[in-house]
file structure_4.txt (compact mmCIF, C-alpha atoms)
# COMPACT_ATOMS: atom_id res chain seq x y z
CA MET A 1 0.00 0.00 0.00
CA THR A 2 1.41 3.41 -1.00
CA LEU A 3 1.47 6.47 1.21
CA TYR A 4 -0.99 8.19 -1.13
CA SER A 5 -3.46 5.31 -0.86
CA ARG A 6 -3.45 5.92 2.89
CA VAL A 7 -3.74 9.70 2.62
CA ARG A 8 -6.33 9.84 -0.18
CA PRO A 9 -9.36 8.79 1.95
CA LEU A 10 -8.59 11.64 4.32
CA ALA A 11 -8.12 14.13 1.48
CA PHE A 12 -11.35 12.96 -0.16
CA LYS A 13 -13.27 13.83 3.02
CA LEU A 14 -12.50 17.47 2.23
CA PRO A 15 -14.36 19.43 -0.47
CA ALA A 16 -12.59 18.81 -3.78
CA GLU A 17 -11.38 22.38 -4.27
CA THR A 18 -10.15 22.60 -0.67
CA ALA A 19 -8.18 19.38 -1.09
CA HIS A 20 -6.75 20.63 -4.37
CA GLY A 21 -5.54 23.83 -2.72
CA LEU A 22 -3.99 21.87 0.13
CA GLY A 23 -2.23 19.58 -2.32
CA LYS A 24 -0.78 22.51 -4.23
CA ARG A 25 0.44 24.16 -1.05
CA THR A 26 2.18 20.90 -0.14
CA LEU A 27 3.82 20.71 -3.58
CA ARG A 28 4.88 24.36 -3.41
CA ALA A 29 6.55 23.75 -0.06
CA ALA A 30 8.23 20.63 -1.44
CA GLN A 31 9.68 22.49 -4.44
CA SER A 32 11.00 25.37 -2.34
CA THR A 33 14.44 23.86 -1.67
CA ARG A 34 16.91 22.02 -3.86
CA PRO A 35 17.21 19.01 -1.49
CA THR A 36 13.45 18.41 -1.41
CA ARG A 37 13.20 18.67 -5.20
CA ALA A 38 16.11 16.24 -5.53
CA ALA A 39 14.44 13.80 -3.14
CA MET A 40 11.21 13.95 -5.14
CA SER A 41 13.11 13.39 -8.37
CA MET A 42 14.88 10.35 -6.94
CA ALA A 43 11.58 8.87 -5.82
CA TYR A 44 9.36 9.66 -8.78
CA GLN A 45 11.27 10.32 -11.99
CA TYR A 46 11.69 7.57 -14.55
CA ASP A 47 13.93 8.23 -17.54
CA HIS A 48 14.22 6.12 -20.67
CA PRO A 49 15.40 7.17 -24.14
CA ALA A 50 12.38 5.54 -25.78
CA LEU A 51 10.11 8.03 -24.00
CA GLU A 52 11.63 11.19 -25.48
CA VAL A 53 9.49 13.08 -27.98
CA ASP A 54 10.80 15.84 -30.24
CA LEU A 55 7.93 18.21 -31.00
CA PHE A 56 7.34 21.95 -31.36
CA ASP A 57 11.11 22.53 -31.67
CA THR A 58 11.76 21.15 -28.20
CA THR A 59 12.41 17.80 -26.54
CA PHE A 60 9.88 16.36 -24.12
CA PRO A 61 11.63 13.92 -21.73
CA ASN A 62 8.50 11.77 -21.76
CA PRO A 63 5.01 12.11 -23.28
CA VAL A 64 3.01 12.36 -20.03
CA GLY A 65 2.08 15.92 -19.06
CA VAL A 66 -0.20 17.74 -16.64
CA ALA A 67 -3.23 19.32 -18.27
CA ALA A 68 -4.34 22.92 -17.91
CA GLY A 69 -6.46 23.53 -14.83
CA PHE A 70 -4.25 21.79 -12.30
CA ASP A 71 -1.65 24.56 -11.98
CA LYS A 72 -3.56 27.58 -13.23
CA ASN A 73 -1.17 30.17 -11.80
CA ALA A 74 2.22 28.46 -12.34
CA GLU A 75 2.68 27.78 -8.65
CA VAL A 76 4.05 24.21 -8.72
CA THR A 77 5.74 23.70 -12.09
CA HIS A 78 9.05 22.66 -10.52
CA ALA A 79 7.33 20.14 -8.25
CA LEU A 80 5.52 18.60 -11.22
CA GLU A 81 8.82 18.26 -13.03
CA ALA A 82 10.29 16.51 -9.96
CA LEU A 83 7.30 14.14 -9.91
CA GLY A 84 8.39 12.81 -13.29
CA PHE A 85 6.00 14.47 -15.71
CA GLY A 86 7.31 15.34 -19.16
CA PHE A 87 5.71 18.80 -19.37
CA VAL A 88 3.03 20.98 -17.80
CA GLU A 89 0.43 23.33 -19.23
CA ILE A 90 -0.42 26.22 -16.93
CA GLY A 91 -3.63 28.21 -17.08
CA THR A 92 -6.11 28.98 -18.34
CA VAL A 93 -4.54 32.44 -17.84
CA THR A 94 -6.68 35.53 -18.39
CA PRO A 95 -5.56 39.18 -18.68
CA TYR A 96 -6.72 40.10 -15.19
CA SER A 97 -7.65 38.19 -12.06
CA GLN A 98 -11.20 36.90 -11.81
CA ASP A 99 -13.10 34.83 -9.29
CA GLY A 100 -14.78 32.38 -11.64
CA ASN A 101 -18.05 30.71 -10.73
CA ASP A 102 -19.46 30.41 -7.22
CA ARG A 103 -18.41 27.52 -4.96
CA PRO A 104 -18.89 24.62 -4.83
CA ARG A 105 -17.61 24.22 -8.39
CA LEU A 106 -15.43 21.09 -8.32
CA PHE A 107 -16.90 17.66 -7.64
CA ARG A 108 -15.51 14.13 -7.41
CA LEU A 109 -17.53 11.34 -9.00
CA ARG A 110 -15.72 8.52 -7.24
CA GLU A 111 -17.85 5.67 -8.54
CA ASP A 112 -17.01 6.81 -12.08
CA GLU A 113 -13.35 7.77 -11.47
CA ALA A 114 -14.31 11.20 -12.76
CA MET A 115 -14.68 14.84 -11.81
CA VAL A 116 -17.00 17.66 -12.79
CA ASN A 117 -15.71 21.21 -12.72
CA ARG A 118 -17.31 24.55 -13.39
CA MET A 119 -14.44 26.71 -12.20
CA GLY A 120 -15.07 29.40 -14.80
CA PHE A 121 -11.53 30.60 -15.52
CA ASN A 122 -10.75 31.59 -11.94
CA GLY A 123 -7.17 32.76 -11.65
CA GLN A 124 -4.73 35.45 -10.61
CA GLY A 125 -4.26 36.99 -14.05
CA MET A 126 -1.32 37.33 -16.41
CA GLU A 127 0.77 39.79 -14.37
CA ALA A 128 0.81 37.54 -11.30
CA VAL A 129 1.71 34.52 -13.44
CA LYS A 130 4.46 36.46 -15.22
CA ALA A 131 5.91 37.63 -11.91
CA ARG A 132 5.91 34.07 -10.57
CA LEU A 133 7.64 32.66 -13.65
CA GLU A 134 10.26 35.39 -13.32
CA SER A 135 10.81 34.80 -9.60
CA ASP A 136 10.64 30.99 -9.59
CA GLY A 137 12.23 30.53 -13.00
CA THR A 138 10.79 28.31 -15.69
CA PRO A 139 11.02 24.57 -15.08
CA GLY A 140 13.55 22.33 -16.78
CA PHE A 141 10.92 20.63 -18.93
CA PRO A 142 8.60 22.11 -21.59
CA LEU A 143 6.05 24.64 -20.41
CA GLY A 144 2.74 25.21 -22.17
CA VAL A 145 0.60 28.29 -21.50
CA ASN A 146 -3.16 28.03 -21.95
CA ILE A 147 -4.73 31.44 -22.59
CA GLY A 148 -8.32 32.61 -22.38
CA LYS A 149 -10.64 35.60 -22.23
CA MET A 150 -12.31 37.38 -19.35
CA ASN A 151 -15.81 36.11 -18.63
CA VAL A 152 -17.31 39.57 -19.16
CA SER A 153 -15.56 40.25 -22.48
CA THR A 154 -17.49 40.80 -25.67
CA GLU A 155 -16.45 39.11 -28.89
CA ARG A 156 -14.32 42.13 -29.82
CA GLU A 157 -12.80 42.43 -26.35
CA ALA A 158 -11.95 38.72 -26.33
CA ILE A 159 -9.55 39.20 -29.23
CA GLU A 160 -7.65 41.80 -27.24
CA ASP A 161 -7.68 39.50 -24.19
CA TYR A 162 -5.90 36.76 -26.12
CA ARG A 163 -3.42 39.26 -27.55
CA ARG A 164 -2.55 40.70 -24.14
CA VAL A 165 -1.94 37.33 -22.47
CA PHE A 166 0.04 36.04 -25.44
CA GLU A 167 2.24 39.14 -25.53
CA ARG A 168 2.90 38.88 -21.79
CA LEU A 169 3.54 35.16 -21.39
CA SER A 170 4.68 33.74 -24.73
CA PRO A 171 8.37 34.51 -23.97
CA PHE A 172 8.17 31.88 -21.19
CA ALA A 173 6.31 29.27 -23.22
CA ASP A 174 7.36 26.31 -25.33
CA TYR A 175 3.86 26.39 -26.78
CA VAL A 176 0.70 28.46 -26.29
CA VAL A 177 -2.85 27.07 -26.34
CA VAL A 178 -5.89 29.11 -27.38
CA ASN A 179 -8.75 27.80 -25.27
CA VAL A 180 -12.04 28.31 -27.13
CA SER A 181 -13.82 25.16 -25.94
CA CYS A 182 -14.37 25.51 -22.20
CA PRO A 183 -17.98 24.57 -21.24
CA ASN A 184 -17.84 26.50 -17.95
CA THR A 185 -17.69 30.13 -19.11
CA PRO A 186 -20.47 32.46 -20.34
CA ASP A 187 -21.67 31.49 -23.82
CA GLU A 188 -22.31 34.96 -25.19
CA PHE A 189 -20.96 34.22 -28.68
CA ASP A 190 -19.55 31.32 -30.70
CA GLU A 191 -15.90 31.21 -29.71
CA ALA A 192 -15.12 28.48 -32.25
CA SER A 193 -16.73 30.16 -35.26
CA PRO A 194 -14.46 30.45 -38.32
CA GLU A 195 -14.62 34.24 -38.23
CA HIS A 196 -13.70 34.48 -34.55
CA LEU A 197 -10.90 31.94 -34.87
CA ARG A 198 -9.54 33.72 -37.92
CA GLU A 199 -9.32 36.99 -36.01
CA ILE A 200 -7.70 35.32 -32.98
CA PHE A 201 -5.03 33.58 -35.04
CA GLU A 202 -4.30 36.62 -37.20
CA THR A 203 -3.96 38.81 -34.10
CA ILE A 204 -1.68 36.37 -32.30
CA ASP A 205 0.39 35.73 -35.40
CA ALA A 206 1.10 39.46 -35.66
CA GLU A 207 2.48 39.35 -32.08
CA ASN A 208 4.44 36.14 -32.50
CA ASP A 209 7.91 37.49 -33.23
CA LEU A 210 9.52 34.57 -31.38
CA GLY A 211 7.71 31.95 -33.45
CA VAL A 212 6.16 30.24 -30.42
CA PRO A 213 4.07 27.21 -31.51
CA ILE A 214 0.32 27.89 -31.32
CA LEU A 215 -2.21 25.17 -30.52
CA VAL A 216 -5.99 25.19 -30.12
CA LYS A 217 -7.98 23.12 -27.64
CA ILE A 218 -11.19 21.54 -28.91
CA GLY A 219 -14.13 19.92 -27.14
CA PRO A 220 -15.37 16.32 -27.39
CA ASP A 221 -19.09 16.89 -27.79
CA GLU A 222 -19.40 18.16 -31.36
CA PRO A 223 -20.37 15.74 -34.16
CA GLU A 224 -17.56 14.45 -36.35
CA GLU A 225 -18.42 16.78 -39.22
CA SER A 226 -18.10 19.85 -37.00
CA ILE A 227 -14.79 18.62 -35.57
CA LEU A 228 -13.37 18.11 -39.03
CA ASP A 229 -14.59 21.56 -40.12
CA LEU A 230 -12.70 23.03 -37.15
CA VAL A 231 -9.59 21.02 -38.05
CA ASP A 232 -9.74 22.38 -41.59
CA ILE A 233 -9.90 25.92 -40.22
CA VAL A 234 -6.94 25.22 -37.94
CA GLN A 235 -4.91 23.91 -40.86
CA GLU A 236 -5.88 26.90 -42.98
CA PHE A 237 -4.24 29.18 -40.40
CA ASP A 238 -1.12 27.00 -40.05
CA VAL A 239 -1.81 26.36 -36.36
CA ASP A 240 0.89 24.06 -34.98
CA GLY A 241 -1.27 21.50 -33.21
CA ILE A 242 -4.52 20.49 -31.51
CA ILE A 243 -5.30 19.47 -27.96
CA ALA A 244 -8.07 16.88 -27.96
CA THR A 245 -10.12 17.14 -25.90
CA ASN A 246 -11.53 19.52 -23.33
CA THR A 247 -14.08 18.40 -20.75
CA SER A 248 -17.53 17.12 -21.74
CA THR A 249 -21.11 18.08 -20.95
CA ALA A 250 -22.33 14.51 -21.61
CA ARG A 251 -23.51 12.45 -18.64
CA GLU A 252 -24.54 9.10 -20.14
CA GLY A 253 -23.77 5.98 -18.13
CA LEU A 254 -22.59 7.65 -14.92
CA ALA A 255 -23.24 6.05 -11.54
CA SER A 256 -22.39 8.87 -9.13
CA ALA A 257 -25.14 10.87 -7.46
CA LYS A 258 -23.23 14.01 -8.43
CA ARG A 259 -23.58 13.30 -12.14
CA GLU A 260 -26.28 15.99 -12.40
CA GLU A 261 -23.90 18.80 -11.36
CA TRP A 262 -23.44 21.09 -14.32
CA GLY A 263 -19.96 21.71 -15.73
CA GLY A 264 -17.26 19.87 -17.60
CA LEU A 265 -16.85 16.14 -17.03
CA SER A 266 -13.32 14.70 -16.96
CA GLY A 267 -11.74 11.36 -16.16
CA LYS A 268 -12.50 7.78 -17.10
CA PRO A 269 -15.95 8.33 -18.68
CA VAL A 270 -14.53 10.60 -21.41
CA GLU A 271 -11.60 8.36 -22.34
CA ASP A 272 -13.19 6.56 -25.27
CA ARG A 273 -14.74 9.71 -26.75
CA SER A 274 -11.52 11.73 -26.55
CA THR A 275 -9.54 8.87 -28.10
CA ALA A 276 -12.09 8.63 -30.90
CA VAL A 277 -11.70 12.36 -31.60
CA ILE A 278 -7.90 11.91 -31.73
CA ARG A 279 -8.31 9.03 -34.18
CA THR A 280 -10.66 11.08 -36.36
CA ILE A 281 -8.30 14.08 -36.49
CA ALA A 282 -5.20 11.96 -37.15
CA SER A 283 -6.94 10.09 -39.96
CA HIS A 284 -8.27 13.30 -41.50
CA THR A 285 -4.84 14.97 -41.47
CA ASP A 286 -2.77 11.87 -42.36
CA GLY A 287 -0.95 12.31 -39.07
CA ASP A 288 0.59 15.61 -40.17
CA LEU A 289 -1.03 17.75 -37.45
CA PRO A 290 0.45 17.15 -33.98
CA ILE A 291 -2.10 16.16 -31.36
CA ILE A 292 -1.91 16.26 -27.57
CA GLY A 293 -4.42 13.75 -26.21
CA VAL A 294 -6.26 14.37 -22.96
CA GLY A 295 -9.26 12.71 -21.37
CA GLY A 296 -9.31 9.66 -19.13
CA VAL A 297 -5.55 9.07 -19.04
CA ASP A 298 -4.75 7.26 -15.80
CA SER A 299 -2.58 4.30 -16.84
CA ALA A 300 0.01 3.20 -19.37
CA ALA A 301 -2.72 1.39 -21.30
CA SER A 302 -4.98 4.46 -21.57
CA ALA A 303 -2.04 6.67 -22.57
CA TYR A 304 -0.87 4.12 -25.13
CA ARG A 305 -4.32 3.90 -26.71
CA LYS A 306 -4.23 7.64 -27.37
CA ILE A 307 -0.69 7.47 -28.73
CA ARG A 308 -1.55 4.60 -31.11
CA ALA A 309 -4.64 6.58 -32.19
CA GLY A 310 -2.44 9.52 -33.22
CA ALA A 311 -1.44 11.57 -30.14
CA SER A 312 2.23 12.51 -29.85
CA LEU A 313 1.79 13.56 -26.20
CA VAL A 314 -0.86 12.99 -23.54
CA GLN A 315 -2.06 14.99 -20.56
CA LEU A 316 -3.94 14.17 -17.37
CA TYR A 317 -5.48 15.93 -14.41
CA THR A 318 -8.24 13.74 -12.95
CA GLY A 319 -6.06 10.63 -13.19
CA PHE A 320 -3.40 12.44 -11.16
CA VAL A 321 -5.96 13.29 -8.47
CA TYR A 322 -7.08 9.68 -8.15
CA GLN A 323 -3.69 7.96 -8.60
CA GLY A 324 -1.35 10.30 -6.73
CA PRO A 325 2.28 11.43 -7.02
CA SER A 326 3.62 8.20 -8.56
CA THR A 327 1.27 8.50 -11.55
CA ALA A 328 3.81 9.68 -14.13
CA LYS A 329 6.44 7.13 -13.10
CA ARG A 330 3.97 4.27 -13.26
CA ILE A 331 2.61 5.31 -16.66
CA ASN A 332 6.05 5.88 -18.17
CA ARG A 333 7.36 2.52 -16.97
CA GLY A 334 4.31 0.85 -18.42
CA LEU A 335 4.70 2.67 -21.72
CA VAL A 336 8.25 1.33 -22.11
CA ARG A 337 6.96 -2.20 -21.57
CA LEU A 338 4.20 -1.70 -24.13
CA LEU A 339 6.64 -0.29 -26.68
CA GLU A 340 8.94 -3.27 -26.21
CA ARG A 341 6.01 -5.69 -26.50
CA ASP A 342 5.01 -4.19 -29.84
CA GLY A 343 8.52 -3.88 -31.25
CA PHE A 344 8.78 -0.08 -31.14
CA THR A 345 11.99 1.63 -30.12
CA SER A 346 10.35 4.96 -29.28
CA ILE A 347 7.06 6.70 -28.54
CA GLU A 348 7.39 8.50 -31.86
CA GLU A 349 7.30 5.17 -33.74
CA ALA A 350 4.06 4.23 -32.00
CA VAL A 351 2.18 7.47 -32.78
CA GLY A 352 -0.76 6.61 -35.03
CA ALA A 353 0.28 2.95 -35.28
CA GLU A 354 -3.30 1.70 -35.36
CA LEU A 355 -4.06 3.88 -38.37
CA GLU A 356 -1.47 2.27 -40.61
call {"tool": "encode", "arguments": {"input": "structure_4.txt", "output": "structure tokens"}}
result
Amino acid sequence: MTLYSRVRPLAFKLPAETAHGLGKRTLRAAQSTRPTRAAMSMAYQYDHPALEVDLFDTTFPNPVGVAAGFDKNAEVTHALEALGFGFVEIGTVTPYSQDGNDRPRLFRLREDEAMVNRMGFNGQGMEAVKARLESDGTPGFPLGVNIGKMNVSTEREAIEDYRRVFERLSPFADYVVVNVSCPNTPDEFDEASPEHLREIFETIDAENDLGVPILVKIGPDEPEESILDLVDIVQEFDVDGIIATNTSTAREGLASAKREEWGGLSGKPVEDRSTAVIRTIASHTDGDLPIIGVGGVDSAASAYRKIRAGASLVQLYTGFVYQGPSTAKRINRGLVRLLERDGFTSIEEAVGAELE
């Protein structure tokens, strides 16, 4: 029995957002000194050359990253690196601080190994995140920055929101994600319309003197035709990649009493749908558009299914909450075994293998 398996029942007695805050404070304390970071690295990192992925003009030490939402304000990036993850995506970061939706807004669905969140882009804003990245320093693994708009912004103001956050934080980023698919923010206009996307990408491109890779995050709930239309738009603007997928509003087949809470569903119940979206995109683009797969990743097998479907990297959040600090190490070890079983010498060889 692991330490986390003993601690988790106590943590799960707390409200989900309270426990999340406590966990982050613990990680921030743990990353505050070099000896504690070194001890975490010794315990939790697992390195293997087969796990390295070269993408977006950088090298990811392994394909298992932490999804946006876990470390919104870049408070524990160094701790996550020490825990053996291959990258982290901070955010969603907005231009200014905002409170998000009212509490409670984060719920565990234990029977379903899932969570529902309706956080609503709560965060400290771009200046606080910039100051923290300057004071703490960027981590030693790739850093993604997920950017969004203020909840009160109009369609025109949203364009300026994206521009401001990109201008402020892109110098720290190995890639930047435009988040236009969150189900937990006010739906005053169609954020994923071709016209709106065109204006976002044109505005950001004009600011992108450093050539930072730009990705867009899409949702899982649209029909295949709509997803492919969005992919065609993304390719038209030479966007560098897609994150598939965001959380879901679907609730079919859930057992938990909290399944009726509104918000975005994450975890095990969305695994198959998100993997299907990855497969659809990879097939449609002949594997030429890099994909980061997210949704229900909690094991080597679930990560490997997304990789074989066409994802070059994977991310998790809910799986980390349920599985604890050894999650990345366990998944990466398992991935090496799966690669060896199938005769692959690297993750990159396995990407899209089931499509061939």
call {"tool": "axis_aligned_box", "arguments": {"input": "structure_4.txt", "around": "stretch 186-193 of chain A", "padding_each_side": "5 Å", "output": "JSON"}}
result
{"center_x": -18.7, "center_y": 31.7, "center_z": -27.8, "size_x": 17.2, "size_y": 16.5, "size_z": 24.9}
call {"tool": "residues_around", "arguments": {"input": "structure_4.txt", "residues": "stretch 21-33 of chain A", "least_positions_apart": "5", "cutoff": "12 Å", "atoms": "all atoms listed in the file", "output": "compact mmCIF listing (two decimals) with C-alpha atoms, keeping the file's coordinate frame"}}
result
# COMPACT_ATOMS: atom_id res chain seq x y z
CA TYR A 4 -0.99 8.19 -1.13
CA VAL A 7 -3.74 9.70 2.62
CA ARG A 8 -6.33 9.84 -0.18
CA LEU A 10 -8.59 11.64 4.32
CA ALA A 11 -8.12 14.13 1.48
CA PHE A 12 -11.35 12.96 -0.16
CA LEU A 14 -12.50 17.47 2.23
CA PRO A 15 -14.36 19.43 -0.47
CA ALA A 16 -12.59 18.81 -3.78
CA ALA A 38 16.11 16.24 -5.53
CA ALA A 39 14.44 13.80 -3.14
CA MET A 40 11.21 13.95 -5.14
CA SER A 41 13.11 13.39 -8.37
CA PHE A 70 -4.25 21.79 -12.30
CA ASP A 71 -1.65 24.56 -11.98
CA LYS A 72 -3.56 27.58 -13.23
CA ASN A 73 -1.17 30.17 -11.80
CA ALA A 74 2.22 28.46 -12.34
CA GLU A 75 2.68 27.78 -8.65
CA VAL A 76 4.05 24.21 -8.72
CA THR A 77 5.74 23.70 -12.09
CA HIS A 78 9.05 22.66 -10.52
CA ALA A 79 7.33 20.14 -8.25
CA LEU A 80 5.52 18.60 -11.22
CA GLU A 81 8.82 18.26 -13.03
CA ALA A 82 10.29 16.51 -9.96
CA LEU A 83 7.30 14.14 -9.91
CA LEU A 106 -15.43 21.09 -8.32
CA SER A 135 10.81 34.80 -9.60
CA ASP A 136 10.64 30.99 -9.59
CA GLY A 137 12.23 30.53 -13.00
CA PRO A 139 11.02 24.57 -15.08
CA PHE A 320 -3.40 12.44 -11.16
CA VAL A 321 -5.96 13.29 -8.47
CA GLY A 324 -1.35 10.30 -6.73
CA PRO A 325 2.28 11.43 -7.02
call {"tool": "residues_around", "arguments": {"input": "structure_4.txt", "residues": "A:Tyr162", "least_positions_apart": "4", "cutoff": "10 Å", "atoms": "all atoms listed in the file", "output": "list in words"}}
result
Val93, Thr94, Pro95, Ile147, Gly148, Lys149, Met150, Glu157, Ala158, Phe166, Glu167, Val178, Asn179, Ile200, Phe201, Thr203 and Ile204 of chain A
call {"tool": "write_last_selection", "arguments": {"input": "structure_4.txt", "atoms": "C-alpha atoms", "output": "mmCIF file, in the frame of the given file"}}
result
data_model
loop_
_atom_site.group_PDB
_atom_site.id
_atom_site.type_symbol
_atom_site.label_atom_id
_atom_site.label_comp_id
_atom_site.auth_asym_id
_atom_site.auth_seq_id
_atom_site.Cartn_x
_atom_site.Cartn_y
_atom_site.Cartn_z
ATOM 1 C CA VAL A 93 -4.540 32.440 -17.840
ATOM 2 C CA THR A 94 -6.680 35.530 -18.390
ATOM 3 C CA PRO A 95 -5.560 39.180 -18.680
ATOM 4 C CA ILE A 147 -4.730 31.440 -22.590
ATOM 5 C CA GLY A 148 -8.320 32.610 -22.380
ATOM 6 C CA LYS A 149 -10.640 35.600 -22.230
ATOM 7 C CA MET A 150 -12.310 37.380 -19.350
ATOM 8 C CA GLU A 157 -12.800 42.430 -26.350
ATOM 9 C CA ALA A 158 -11.950 38.720 -26.330
ATOM 10 C CA PHE A 166 0.040 36.040 -25.440
ATOM 11 C CA GLU A 167 2.240 39.140 -25.530
ATOM 12 C CA VAL A 178 -5.890 29.110 -27.380
ATOM 13 C CA ASN A 179 -8.750 27.800 -25.270
ATOM 14 C CA ILE A 200 -7.700 35.320 -32.980
ATOM 15 C CA PHE A 201 -5.030 33.580 -35.040
ATOM 16 C CA THR A 203 -3.960 38.810 -34.100
ATOM 17 C CA ILE A 204 -1.680 36.370 -32.300
#
call {"tool": "atom_distance", "arguments": {"input": "structure_4.txt", "atom1": "atom CA of A:Glu207", "atom2": "atom CA of A:Thr154"}}
result
21.0 Å
call {"tool": "closest_residue", "arguments": {"input": "structure_4.txt", "among": "A:Glu17, A:Glu195, A:Glu155, A:Asp57", "to": "A:Ile233", "atoms": "only C-alpha atoms"}}
result
A:Glu195
call {"tool": "atom_distance", "arguments": {"input": "structure_4.txt", "atom1": "atom CA of A:Val216", "atom2": "atom CA of A:Glu260"}}
result
28.5 Å
call {"tool": "atom_distance", "arguments": {"input": "structure_4.txt", "atom1": "atom CA of A:Ser181", "atom2": "atom CA of A:Leu265"}}
result
13.0 Å
call {"tool": "closest_atom_pairs", "arguments": {"input": "structure_4.txt", "of": "stretch 200-271 of chain A", "to": "stretch 63-69 of chain A", "cutoff": "12 Å", "atoms": "all atoms listed in the file", "output": "CSV"}}
result
residue,atom,partner,partner_atom,distance
A:Lys217,CA,A:Ala68,CA,10.4
A:Ile243,CA,A:Ala67,CA,9.9
A:Ala244,CA,A:Ala67,CA,11.1
A:Thr245,CA,A:Ala67,CA,10.5
A:Asn246,CA,A:Ala68,CA,9.6
A:Thr247,CA,A:Gly69,CA,10.9
A:Gly264,CA,A:Gly69,CA,11.7
A:Ser266,CA,A:Ala67,CA,11.2
A:Gly267,CA,A:Ala67,CA,11.8
call {"tool": "closest_residue", "arguments": {"input": "structure_4.txt", "among": "A:Gly352, A:Arg108, A:Glu113, A:Asp272", "to": "A:Gly287", "atoms": "only C-alpha atoms"}}
result
A:Gly352
call {"tool": "residues_near_point", "arguments": {"input": "structure_4.txt", "point": "(-1.0, 26.6, -30.3)", "cutoff": "9 Å", "atoms": "all atoms listed in the file", "output": "VMD selection string"}}
result
chain A and resid 146 175 to 178 212 to 217 239 to 243
call {"tool": "residues_around", "arguments": {"input": "structure_4.txt", "residues": "A:Leu339", "least_positions_apart": "3", "cutoff": "12 Å", "atoms": "only C-alpha atoms", "output": "MDAnalysis selection string"}}
result
chainID A and resid 48:51 300:301 303:305 307:308 332:336 342:351 353
